[in-house]
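Contents: one structure, followed by commentary.
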Amino acid sequence: MTPAAIVIVLVSALAHAGWNLFGKKVSPSGAFFWYANAWGVLVALPLLWCYQPVIARLDAGLWWLVLLTGLFQATYLSALAAAYRFGELSVVYPLARSSPLLILLVGALFLGTAERITAAAVVGIVLIVAGCMVLPMQRFRDFSFANYRNLATLFALLAAASTAGYSIVDDTATARMRSLLGGLVLDAEVAVVFVILQAASALFWLSLGLLLQQRERQQFRQLALRWRSTLAAGVLMLGTYALVVWAMAYADDVSYVVAFRQISIPIGVALGWYFLNEPLHPPKIIGVLVILAGLMLVVLG
């Protein structure tokens with residue numbers, strides 16, 4: 001990874017961990033993420049208006065990619081909300097955050113791009129996943145695969161697969177955008193425009209989900225009064241992922257960016273300890289150290 005990519009992802013990770021700290025008081029649901037996406041699109045509409053000439057240059061192939069990434073994003077948000085309903089944050093979050101790394105590695109093997117990922121980065125990714133697996137434990141003897149055979153794990157893995165899906169699509173789509181625009185706009189502007197289009201696409205798919213699920217419609221009505229929370233979440237989500245997409249322009253492989261984003265996990269642990277008085281059990285401390293070691297290998301790779 002280049003220094004530019006490292007700095008951009010660091011800022012994104014800080015924003016992501018901060019959003020998780022802020023949003024912990026609001027119960028996640030498809031309706032909550034509908035409002036967040038709607039606010040993000042609404043706030044960004046003036047930007048889309050300014051970039052009308054840029055959007056007019058996009059071809060049909062790019063628009064299909066926008067629809068596909070929106071589907072992956074909507075599936076990710078819905079699955080994550082479901083996972084949190086069935087399981088604890090400390091188990092679901094590490095699983096959902098770390099599993100895409102292994103999926104992307106397998107995807108790189110099938111796509112023939114694995115040669116761009118160094119051996120050091122592969123070892124680093126494995127360490128990050130291992131560190132995330134031990135984070136939820138209070139004692140090392142608590143580890144049991146039975147703790148992961150439940151609906152929370154199923155939905156967390158679905159969220160992880162969706163994360164890997166939209167990461168690959170977004171990398172392909174933004175590379176195509178940069179090619180189509182031919183230097184007309186900066187890489188950062190490409191990232192911003194694409195993420196707004198992605199949010200609009202996700203909003204479309206989430207709207208279909210609301211129409212099909214009565215429980216989500218009830219949540220929709222209840223969350224109408226929580227507009228400040230959903231507005232803040234929408235703006236932070238949009239800004240955070242715009243930084244991630246921007247960083248993809250400076251990395252040899254999307255796996256590097258997805259891997260280094262996991263620095264938000266130790267940041268989140270630190271914020272939880274400092275602001276929420278969450279205990280630091282030995283497995284949590286060792287898990288964070290293992291994740292940091294893996295991150296260093298990814299950077300060196």
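Here's how to read the names in the structure tokens: chain A, B, ... by the order shown, residue numbers from 1 in each chain, ligand numbers from 1 in the order shown.
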
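Residues in contact range of Thr240 (chain A), defined as at most 7 Å between only C-alpha atoms, with sequence neighbours fewer than 6 positions away removed, read Ser12, Ala15 and His16 of chain A.
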
Practice task
Mind checking which residues fall within 8 Å of Ala83 (chain A), counting only C-alpha atoms, ignoring those fewer than 3 positions away in the same chain, and posting them as a list in words?
Solution key: Ala79, Leu80, Phe86, Gly87, Val92, Leu151, Ala152, Thr153, Leu154, Phe155 and Ala156 of chain A

Those same residues, written as a CSV table (one decimal), in the first residue's frame with N, CA and C atoms?
chain,number,residue,atom,x,y,z
A,79,ALA,N,-28.3,-7.9,6.6
A,79,ALA,CA,-27.7,-9.1,7.3
A,79,ALA,C,-27.1,-8.7,8.6
A,80,LEU,N,-26.4,-7.6,8.6
A,80,LEU,CA,-25.7,-7.1,9.8
A,80,LEU,C,-26.7,-6.8,10.9
A,86,PHE,N,-29.8,-11.3,16.7
A,86,PHE,CA,-29.6,-12.6,17.2
A,86,PHE,C,-28.4,-12.9,18.1
A,87,GLY,N,-27.4,-12.0,18.0
A,87,GLY,CA,-26.2,-12.2,18.8
A,87,GLY,C,-25.6,-10.9,19.3
A,92,VAL,N,-20.4,-10.7,16.8
A,92,VAL,CA,-20.8,-10.5,15.4
A,92,VAL,C,-19.9,-9.5,14.7
A,151,LEU,N,-27.8,-18.5,14.4
A,151,LEU,CA,-28.2,-17.5,13.4
A,151,LEU,C,-27.4,-16.3,13.3
A,152,ALA,N,-26.9,-15.8,14.5
A,152,ALA,CA,-26.0,-14.6,14.5
A,152,ALA,C,-24.8,-14.8,13.6
A,153,THR,N,-24.2,-16.0,13.7
A,153,THR,CA,-23.0,-16.3,12.9
A,153,THR,C,-23.4,-16.4,11.4
A,154,LEU,N,-24.5,-17.0,11.1
A,154,LEU,CA,-25.0,-17.2,9.7
A,154,LEU,C,-25.1,-15.8,9.1
A,155,PHE,N,-25.8,-14.9,9.8
A,155,PHE,CA,-26.1,-13.6,9.2
A,155,PHE,C,-24.8,-12.7,9.2
A,156,ALA,N,-23.9,-12.9,10.1
A,156,ALA,CA,-22.6,-12.2,10.1
A,156,ALA,C,-21.8,-12.7,8.9

Handout entry: Spatial neighbours of Leu300 (chain A), max dist 9 Å, only C-alpha atoms, sep filter under 4 positions, as a list of chain:residue names
Key =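 With the cut-off at 9 Å, the set is A:Met1, A:Ala120, A:Ala121, A:Leu295, A:Met296.
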
Problem - Residue nearest Leu208 (chain A) among A:Thr174, A:Ser264, A:Gln52, A:Thr75 (counting only C-alpha atoms) - result: A:Thr75

Practice task
Name all residues at most 9 Å from Ile128 (chain A) (count only C-alpha atoms; drop same-chain ones fewer than 4 positions away) and give them as a list in words.
Solution key: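 Using only C-alpha atoms, the neighbours found are Ser98, Leu101, Val123, Gly124, Cys132, Met133, Ala259, Gln262, Gly287, Val288, Val290, Ile291, Leu292, Ala293, Gly294 and Leu295 of chain A.
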
Problem - Residue with smallest distance to Ile125 (chain A) - pool A:Phe275, A:Arg261, A:Ile55, A:Val169, counting only C-alpha atoms - result: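 Among the listed residues, A:Arg261 lies closest to Ile125 (chain A).
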
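When only C-alpha atoms are used to measure the gap to Ala202 (chain A), the shortest distance among A:Leu71, A:Ala96, A:Leu186, A:Ala36 belongs to A:Leu71.
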
Handout entry: Top pick for closest residue to Leu10 (chain A), considering A:Leu212, A:Leu180, A:Val192, A:Ile265 and counting only C-alpha atoms
Key =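 Nearest candidate to Leu10 (chain A) out of A:Leu212, A:Leu180, A:Val192, A:Ile265: A:Ile265.
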
Exercise for the section: Select, from A:Arg226, A:Ala4, A:Leu280, A:Gly18, the residue with the minimum atom-to-atom distance to Ile267 (chain A), counting only C-alpha atoms. Expected result: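 Looking at the shortest contact to Ile267 (chain A), the residue is A:Gly18.
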
Practice task
For Val244 (chain A), list every protein, DNA or RNA residue within 12 Å, evaluated using only C-alpha atoms, and leave out those in the same chain fewer than 4 positions away; present the list as a PyMOL selection string.
Solution key: chain A and resi 4-16+166-167+170-171+174+187-188+190-192+194-195+237-240+248-251+254-262

Which residues of region 53-85 of chain A come within 12 Å of region 38-48 of chain A, and for each one, what is the closest pair of atoms and their distance in Å to one decimal, counting only C-alpha atoms, sorted by chain and residue number, as a tab-separated table?
residue	atom	partner	partner_atom	distance
A:Pro53	CA	A:Leu48	CA	9.6
A:Val54	CA	A:Leu48	CA	9.1
A:Ile55	CA	A:Leu48	CA	8.1
A:Ala56	CA	A:Leu48	CA	11.0
